[in-house]
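Source file: entry14.txt. Holds: compact mmCIF, C-alpha atoms.
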# COMPACT_ATOMS: atom_id res chain seq x y z
CA MET A 22 60.33 73.66 2.51
CA ASN A 23 61.34 72.44 -0.95
CA THR A 24 60.33 68.81 -1.28
CA PRO A 25 61.42 66.60 -4.21
CA SER A 26 59.17 63.93 -5.70
CA ASN A 27 59.70 60.31 -4.67
CA MET A 28 60.23 58.94 -8.19
CA ILE A 29 58.28 55.68 -7.88
CA GLU A 30 59.24 52.80 -10.14
CA LEU A 31 58.55 53.12 -13.86
CA GLY A 32 56.04 50.55 -15.06
CA THR A 33 53.91 50.98 -11.93
CA LYS A 34 50.18 50.68 -12.71
CA ALA A 35 48.20 53.85 -12.09
CA PRO A 36 46.35 53.39 -8.79
CA PHE A 37 42.59 53.58 -9.40
CA PHE A 38 40.61 56.47 -7.94
CA GLU A 39 37.12 57.92 -7.77
CA LEU A 40 37.09 61.48 -6.48
CA PRO A 41 34.70 64.44 -6.44
CA ASN A 42 35.20 67.32 -8.89
CA PRO A 43 34.25 70.54 -7.04
CA SER A 44 33.86 72.44 -10.34
CA LYS A 45 31.23 69.93 -11.48
CA SER A 46 29.02 70.05 -8.34
CA ASN A 47 31.20 67.36 -6.74
CA GLU A 48 30.38 64.81 -9.44
CA ILE A 49 32.44 61.69 -8.72
CA GLN A 50 34.95 61.10 -11.53
CA SER A 51 37.17 58.04 -11.85
CA LEU A 52 40.49 57.34 -13.49
CA ASP A 53 38.70 55.03 -15.94
CA ASP A 54 36.19 57.75 -16.92
CA LEU A 55 38.82 60.41 -17.43
CA LYS A 56 41.93 58.65 -18.75
CA GLY A 57 43.31 59.67 -22.14
CA GLU A 58 43.18 57.51 -25.24
CA LYS A 59 46.99 57.54 -25.57
CA GLY A 60 48.26 58.82 -22.25
CA THR A 61 47.23 60.28 -18.90
CA LEU A 62 49.11 62.85 -16.83
CA VAL A 63 48.14 62.81 -13.14
CA ILE A 64 49.20 66.02 -11.37
CA PHE A 65 49.13 66.49 -7.62
CA MET A 66 48.73 70.22 -7.07
CA CYS A 67 46.92 72.82 -4.99
CA ASN A 68 45.75 76.41 -5.22
CA HIS A 69 48.25 78.36 -3.15
CA CYS A 70 51.69 76.78 -3.65
CA PRO A 71 54.12 79.15 -5.43
CA PHE A 72 55.54 76.22 -7.42
CA VAL A 73 52.08 75.45 -8.82
CA LEU A 74 51.36 79.12 -9.55
CA HIS A 75 54.71 79.24 -11.37
CA VAL A 76 53.71 76.51 -13.87
CA ILE A 77 49.91 76.53 -14.12
CA ASP A 78 49.65 78.74 -17.23
CA LYS A 79 52.21 76.66 -19.14
CA LEU A 80 50.47 73.49 -17.97
CA ASN A 81 47.24 74.79 -19.44
CA GLU A 82 49.03 75.54 -22.74
CA LEU A 83 50.40 71.98 -22.82
CA TYR A 84 46.90 70.66 -22.16
CA GLU A 85 45.51 72.66 -25.07
CA ASP A 86 48.29 71.30 -27.32
CA TYR A 87 48.15 67.65 -26.30
CA ASN A 88 44.57 66.95 -25.24
CA GLU A 89 43.42 66.79 -28.86
CA ARG A 90 46.25 64.31 -29.49
CA GLY A 91 44.89 61.83 -26.95
CA ILE A 92 46.62 62.89 -23.73
CA GLU A 93 44.41 63.73 -20.76
CA PHE A 94 45.47 65.69 -17.67
CA ILE A 95 43.90 64.99 -14.27
CA ALA A 96 44.82 67.29 -11.37
CA ILE A 97 44.29 66.22 -7.76
CA ASN A 98 44.42 68.35 -4.61
CA ALA A 99 45.13 66.31 -1.46
CA ASN A 100 46.09 69.09 0.95
CA ASP A 101 44.68 69.27 4.46
CA VAL A 102 42.18 72.10 4.03
CA GLU A 103 41.55 72.51 7.74
CA LYS A 104 45.09 73.75 8.22
CA TYR A 105 45.29 75.27 4.70
CA PRO A 106 41.87 76.80 3.94
CA ALA A 107 43.28 78.37 0.74
CA ASP A 108 43.13 74.85 -0.76
CA ALA A 109 39.49 74.18 0.16
CA PRO A 110 37.19 72.76 -2.58
CA GLU A 111 35.33 76.06 -3.11
CA LYS A 112 38.71 77.76 -3.59
CA MET A 113 39.63 75.05 -6.13
CA ILE A 114 36.64 76.20 -8.19
CA GLU A 115 37.78 79.84 -7.93
CA PHE A 116 41.34 78.88 -8.85
CA GLN A 117 40.18 76.95 -11.90
CA ILE A 118 38.08 79.89 -13.11
CA GLU A 119 40.80 82.45 -12.36
CA ARG A 120 43.52 80.45 -14.16
CA ASN A 121 41.15 79.29 -16.85
CA PHE A 122 42.20 75.65 -17.15
CA ASP A 123 39.85 72.99 -18.49
CA PHE A 124 41.35 69.75 -17.20
CA PRO A 125 39.57 68.09 -14.26
CA TYR A 126 40.68 69.18 -10.79
CA LEU A 127 39.64 66.60 -8.18
CA TYR A 128 39.63 66.69 -4.38
CA ASP A 129 41.31 63.87 -2.41
CA GLU A 130 39.96 64.68 1.05
CA SER A 131 41.13 61.43 2.68
CA GLN A 132 44.61 61.77 1.09
CA ALA A 133 44.42 58.04 0.26
CA ILE A 134 45.04 58.64 -3.45
CA ALA A 135 48.07 60.87 -2.85
CA LYS A 136 49.45 58.09 -0.64
CA ALA A 137 48.69 55.43 -3.27
CA TYR A 138 50.73 57.45 -5.80
CA ASP A 139 53.45 58.18 -3.23
CA ALA A 140 53.01 61.85 -4.11
CA ALA A 141 55.28 64.15 -2.12
CA CYS A 142 55.05 67.68 -3.47
CA THR A 143 52.94 70.17 -5.41
CA PRO A 144 53.26 69.93 -8.32
CA ASP A 145 54.07 66.22 -8.64
CA PHE A 146 53.68 64.70 -12.14
CA PHE A 147 52.93 61.07 -13.08
CA PHE A 148 52.54 60.20 -16.78
CA PHE A 149 50.99 56.89 -17.81
CA ASP A 150 50.63 55.25 -21.22
CA GLU A 151 47.39 53.90 -22.72
CA LYS A 152 47.69 50.76 -20.54
CA LEU A 153 48.06 53.01 -17.46
CA ASP A 154 51.69 51.94 -16.93
CA LEU A 155 53.95 54.69 -15.53
CA ILE A 156 56.38 55.91 -18.19
CA TYR A 157 57.49 59.27 -16.78
CA ARG A 158 57.53 60.91 -13.38
CA GLY A 159 59.35 63.96 -12.20
CA GLN A 160 59.65 67.60 -13.13
CA MET A 161 57.83 69.57 -15.80
CA ASP A 162 61.06 71.42 -16.66
CA ASP A 163 64.10 73.02 -14.97
CA SER A 164 62.30 76.22 -14.01
CA ARG A 165 61.52 76.96 -10.36
CA PRO A 166 60.20 80.15 -8.75
CA GLY A 167 63.13 82.54 -8.49
CA ASN A 168 65.71 80.59 -10.55
CA HIS A 169 65.13 82.79 -13.64
CA LYS A 170 64.81 79.84 -16.00
CA GLU A 171 61.97 80.03 -18.48
CA VAL A 172 58.95 77.81 -17.91
CA THR A 173 59.03 75.64 -21.05
CA GLY A 174 57.36 72.37 -20.02
CA GLU A 175 60.28 70.70 -21.80
CA ASP A 176 60.53 67.48 -19.77
CA LEU A 177 56.81 66.78 -20.11
CA ILE A 178 56.84 67.66 -23.82
CA ILE A 179 59.67 65.16 -24.41
CA ALA A 180 57.71 62.47 -22.52
CA PHE A 181 54.52 63.24 -24.48
CA GLU A 182 56.29 63.26 -27.86
CA ASN A 183 58.17 60.03 -27.11
CA LEU A 184 54.88 58.33 -26.27
CA LEU A 185 53.08 59.65 -29.36
CA LEU A 186 56.00 58.66 -31.62
CA GLY A 187 56.38 55.21 -30.00
CA GLU A 188 59.90 56.07 -28.85
CA PRO A 189 61.46 54.96 -25.54
CA GLN A 190 61.39 57.46 -22.68
CA GLU A 191 64.51 59.23 -21.44
CA ASP A 192 66.63 57.18 -19.02
CA ILE A 193 67.31 60.17 -16.84
CA GLN A 194 64.20 61.73 -15.32
CA LYS A 195 64.66 64.52 -12.79
CA PRO A 196 62.45 64.81 -9.71
CA SER A 197 59.86 67.52 -9.49
CA MET A 198 60.27 70.05 -6.69
CA GLY A 199 57.63 71.92 -4.79
CA CYS A 200 55.87 72.53 -1.52
CA ASN A 201 55.31 69.36 0.45
CA ILE A 202 51.78 67.95 0.38
CA LYS A 203 50.05 69.19 3.54
CA TRP A 204 49.37 65.89 5.29
CA LYS A 205 46.81 65.61 8.05
Would you mind writing the structure in this file as structure tokens?
Amino acid sequence: MNTPSNMIELGTKAPFFELPNPSKSNEIQSLDDLKGEKGTLVIFMCNHCPFVLHVIDKLNELYEDYNERGIEFIAINANDVEKYPADAPEKMIEFQIERNFDFPYLYDESQAIAKAYDAACTPDFFFFDEKLDLIYRGQMDDSRPGNHKEVTGEDLIIAFENLLLGEPQEDIQKPSMGCNIKWK
């Protein structure tokens, strides 16, 4: 089922979290430890969703472009791994190696963090400024699996550039679309 993101209110403070990182022997990492100097993109995603697979390589490219400019990415998997073993923590490690992305990929077993962010789908994007106020949420770009539009990352790039240039964000932000988060 295609689920749109909930589009929580801009200006919302990033809910705090401390979650294990399976790729770092389950070291507990917090929002405060990981946040970017200028901005932080929190991404709810998983290993098996076709919408995530569709964008992960471009997401990694964006990370390589913007991480050195002070924007950090933090990915979180909140899926119920009992029903969806493809999203289990050991598979998160495999997925990270296979897709070769360097940003942290944390495991929200209780789903409390996904609920705090009102996350609805994978991928769901939340972009915060240096004060951890929400300035963009919604889609990465207009591309979806099967719609034959190129994966450009355009909507995120515009949000990143506006932040770095001190410009206001776009008034119109379109919801992300993806598989629903697999709630327990």
Legend entry - Surrounding residues of stretch 105-117 of chain A excluding itself and chain neighbours under 2 positions, 6 Å, only C-alpha atoms, as a list of chain:residue names: A:Pro43, A:Ser44, A:Asn68, A:Val102, A:Glu103, A:Glu119, A:Arg120, A:Asn121, A:Phe122
Inset, instruction - Could you check which of A:His75, A:Lys104, A:Lys136, A:His69 is closest to A:Met198, using only C-alpha atoms? - result: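 Checking each candidate against A:Met198, we get A:His75 as the closest.
The smallest atom-to-atom distance between A:Pro144 and any of A:Thr24, A:Gly32, A:Leu184, A:Asp123, using all atoms listed in the file, is found for A:Thr24.
Across A:Phe94, A:Tyr138, A:Tyr87, A:Phe65, the tightest approach to A:Leu185 is made by A:Tyr87 when counting only C-alpha atoms.
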Legend entry - Counting all atoms listed in the file, the residue of A:Leu31, A:Leu62, A:Ile193, A:Ile97 that sits nearest A:Glu151: A:Leu62
With the input short on atoms, add all heavy atoms back to stretch 51-62 of chain A and write it as a PDB file, keeping the file's coordinate frame.
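Heads up, here's the output in result.pdb:
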ATOM      1  N   SER A  51      36.181  59.096 -12.101  1.00  0.00           N
ATOM      2  CA  SER A  51      37.170  58.040 -11.850  1.00  0.00           C
ATOM      3  C   SER A  51      38.284  58.116 -12.887  1.00  0.00           C
ATOM      4  O   SER A  51      38.125  58.713 -13.954  1.00  0.00           O
ATOM      5  CB  SER A  51      36.512  56.668 -11.892  1.00  0.00           C
ATOM      6  OG  SER A  51      36.236  56.321 -13.234  1.00  0.00           O
ATOM      7  N   LEU A  52      39.371  57.452 -12.559  1.00  0.00           N
ATOM      8  CA  LEU A  52      40.490  57.340 -13.490  1.00  0.00           C
ATOM      9  C   LEU A  52      40.006  56.733 -14.812  1.00  0.00           C
ATOM     10  O   LEU A  52      40.358  57.208 -15.893  1.00  0.00           O
ATOM     11  CB  LEU A  52      41.592  56.483 -12.868  1.00  0.00           C
ATOM     12  CG  LEU A  52      42.798  56.174 -13.763  1.00  0.00           C
ATOM     13  CD1 LEU A  52      43.512  57.448 -14.189  1.00  0.00           C
ATOM     14  CD2 LEU A  52      43.762  55.240 -13.051  1.00  0.00           C
ATOM     15  N   ASP A  53      39.170  55.698 -14.721  1.00  0.00           N
ATOM     16  CA  ASP A  53      38.700  55.030 -15.940  1.00  0.00           C
ATOM     17  C   ASP A  53      37.835  55.944 -16.807  1.00  0.00           C
ATOM     18  O   ASP A  53      37.889  55.885 -18.032  1.00  0.00           O
ATOM     19  CB  ASP A  53      37.928  53.752 -15.599  1.00  0.00           C
ATOM     20  CG  ASP A  53      38.853  52.670 -15.038  1.00  0.00           C
ATOM     21  OD1 ASP A  53      40.079  52.887 -15.025  1.00  0.00           O
ATOM     22  OD2 ASP A  53      38.349  51.631 -14.597  1.00  0.00           O
ATOM     23  N   ASP A  54      37.034  56.800 -16.160  1.00  0.00           N
ATOM     24  CA  ASP A  54      36.190  57.750 -16.920  1.00  0.00           C
ATOM     25  C   ASP A  54      37.042  58.779 -17.635  1.00  0.00           C
ATOM     26  O   ASP A  54      36.704  59.232 -18.722  1.00  0.00           O
ATOM     27  CB  ASP A  54      35.260  58.557 -15.977  1.00  0.00           C
ATOM     28  CG  ASP A  54      34.294  57.693 -15.203  1.00  0.00           C
ATOM     29  OD1 ASP A  54      33.987  56.579 -15.678  1.00  0.00           O
ATOM     30  OD2 ASP A  54      33.849  58.128 -14.122  1.00  0.00           O
ATOM     31  N   LEU A  55      38.099  59.219 -16.973  1.00  0.00           N
ATOM     32  CA  LEU A  55      38.820  60.410 -17.430  1.00  0.00           C
ATOM     33  C   LEU A  55      40.044  60.118 -18.273  1.00  0.00           C
ATOM     34  O   LEU A  55      40.496  60.976 -19.009  1.00  0.00           O
ATOM     35  CB  LEU A  55      39.267  61.236 -16.213  1.00  0.00           C
ATOM     36  CG  LEU A  55      38.155  61.834 -15.348  1.00  0.00           C
ATOM     37  CD1 LEU A  55      38.770  62.501 -14.123  1.00  0.00           C
ATOM     38  CD2 LEU A  55      37.305  62.830 -16.120  1.00  0.00           C
ATOM     39  N   LYS A  56      40.610  58.918 -18.151  1.00  0.00           N
ATOM     40  CA  LYS A  56      41.930  58.650 -18.750  1.00  0.00           C
ATOM     41  C   LYS A  56      41.950  58.963 -20.247  1.00  0.00           C
ATOM     42  O   LYS A  56      40.933  58.864 -20.933  1.00  0.00           O
ATOM     43  CB  LYS A  56      42.357  57.216 -18.487  1.00  0.00           C
ATOM     44  CG  LYS A  56      41.494  56.207 -19.209  1.00  0.00           C
ATOM     45  CD  LYS A  56      41.946  54.781 -18.936  1.00  0.00           C
ATOM     46  CE  LYS A  56      41.148  53.874 -19.841  1.00  0.00           C
ATOM     47  NZ  LYS A  56      40.974  52.526 -19.367  1.00  0.00           N
ATOM     48  N   GLY A  57      43.142  59.317 -20.729  1.00  0.00           N
ATOM     49  CA  GLY A  57      43.310  59.670 -22.140  1.00  0.00           C
ATOM     50  C   GLY A  57      43.403  58.428 -23.009  1.00  0.00           C
ATOM     51  O   GLY A  57      43.777  57.351 -22.541  1.00  0.00           O
ATOM     52  N   GLU A  58      43.109  58.616 -24.280  1.00  0.00           N
ATOM     53  CA  GLU A  58      43.180  57.510 -25.240  1.00  0.00           C
ATOM     54  C   GLU A  58      44.615  57.000 -25.383  1.00  0.00           C
ATOM     55  O   GLU A  58      44.868  55.810 -25.492  1.00  0.00           O
ATOM     56  CB  GLU A  58      42.657  58.029 -26.582  1.00  0.00           C
ATOM     57  CG  GLU A  58      42.464  56.984 -27.639  1.00  0.00           C
ATOM     58  CD  GLU A  58      42.177  57.638 -28.995  1.00  0.00           C
ATOM     59  OE1 GLU A  58      41.667  58.775 -29.027  1.00  0.00           O
ATOM     60  OE2 GLU A  58      42.484  56.994 -30.007  1.00  0.00           O
ATOM     61  N   LYS A  59      45.580  57.939 -25.378  1.00  0.00           N
ATOM     62  CA  LYS A  59      46.990  57.540 -25.570  1.00  0.00           C
ATOM     63  C   LYS A  59      47.827  57.669 -24.309  1.00  0.00           C
ATOM     64  O   LYS A  59      48.800  56.948 -24.132  1.00  0.00           O
ATOM     65  CB  LYS A  59      47.604  58.390 -26.673  1.00  0.00           C
ATOM     66  CG  LYS A  59      46.870  58.162 -27.994  1.00  0.00           C
ATOM     67  CD  LYS A  59      47.654  58.638 -29.186  1.00  0.00           C
ATOM     68  CE  LYS A  59      46.965  58.235 -30.476  1.00  0.00           C
ATOM     69  NZ  LYS A  59      46.869  59.338 -31.408  1.00  0.00           N
ATOM     70  N   GLY A  60      47.471  58.617 -23.464  1.00  0.00           N
ATOM     71  CA  GLY A  60      48.260  58.820 -22.250  1.00  0.00           C
ATOM     72  C   GLY A  60      47.497  59.667 -21.249  1.00  0.00           C
ATOM     73  O   GLY A  60      46.569  60.384 -21.617  1.00  0.00           O
ATOM     74  N   THR A  61      47.904  59.553 -19.984  1.00  0.00           N
ATOM     75  CA  THR A  61      47.230  60.280 -18.900  1.00  0.00           C
ATOM     76  C   THR A  61      48.281  60.859 -17.962  1.00  0.00           C
ATOM     77  O   THR A  61      49.131  60.121 -17.451  1.00  0.00           O
ATOM     78  CB  THR A  61      46.305  59.331 -18.108  1.00  0.00           C
ATOM     79  OG1 THR A  61      45.386  58.716 -19.022  1.00  0.00           O
ATOM     80  CG2 THR A  61      45.535  60.082 -17.031  1.00  0.00           C
ATOM     81  N   LEU A  62      48.213  62.163 -17.758  1.00  0.00           N
ATOM     82  CA  LEU A  62      49.110  62.850 -16.830  1.00  0.00           C
ATOM     83  C   LEU A  62      48.332  63.146 -15.550  1.00  0.00           C
ATOM     84  O   LEU A  62      47.354  63.891 -15.584  1.00  0.00           O
ATOM     85  CB  LEU A  62      49.616  64.165 -17.435  1.00  0.00           C
ATOM     86  CG  LEU A  62      50.563  64.965 -16.540  1.00  0.00           C
ATOM     87  CD1 LEU A  62      51.919  64.270 -16.413  1.00  0.00           C
ATOM     88  CD2 LEU A  62      50.751  66.385 -17.076  1.00  0.00           C
TER      89      LEU A  62
END
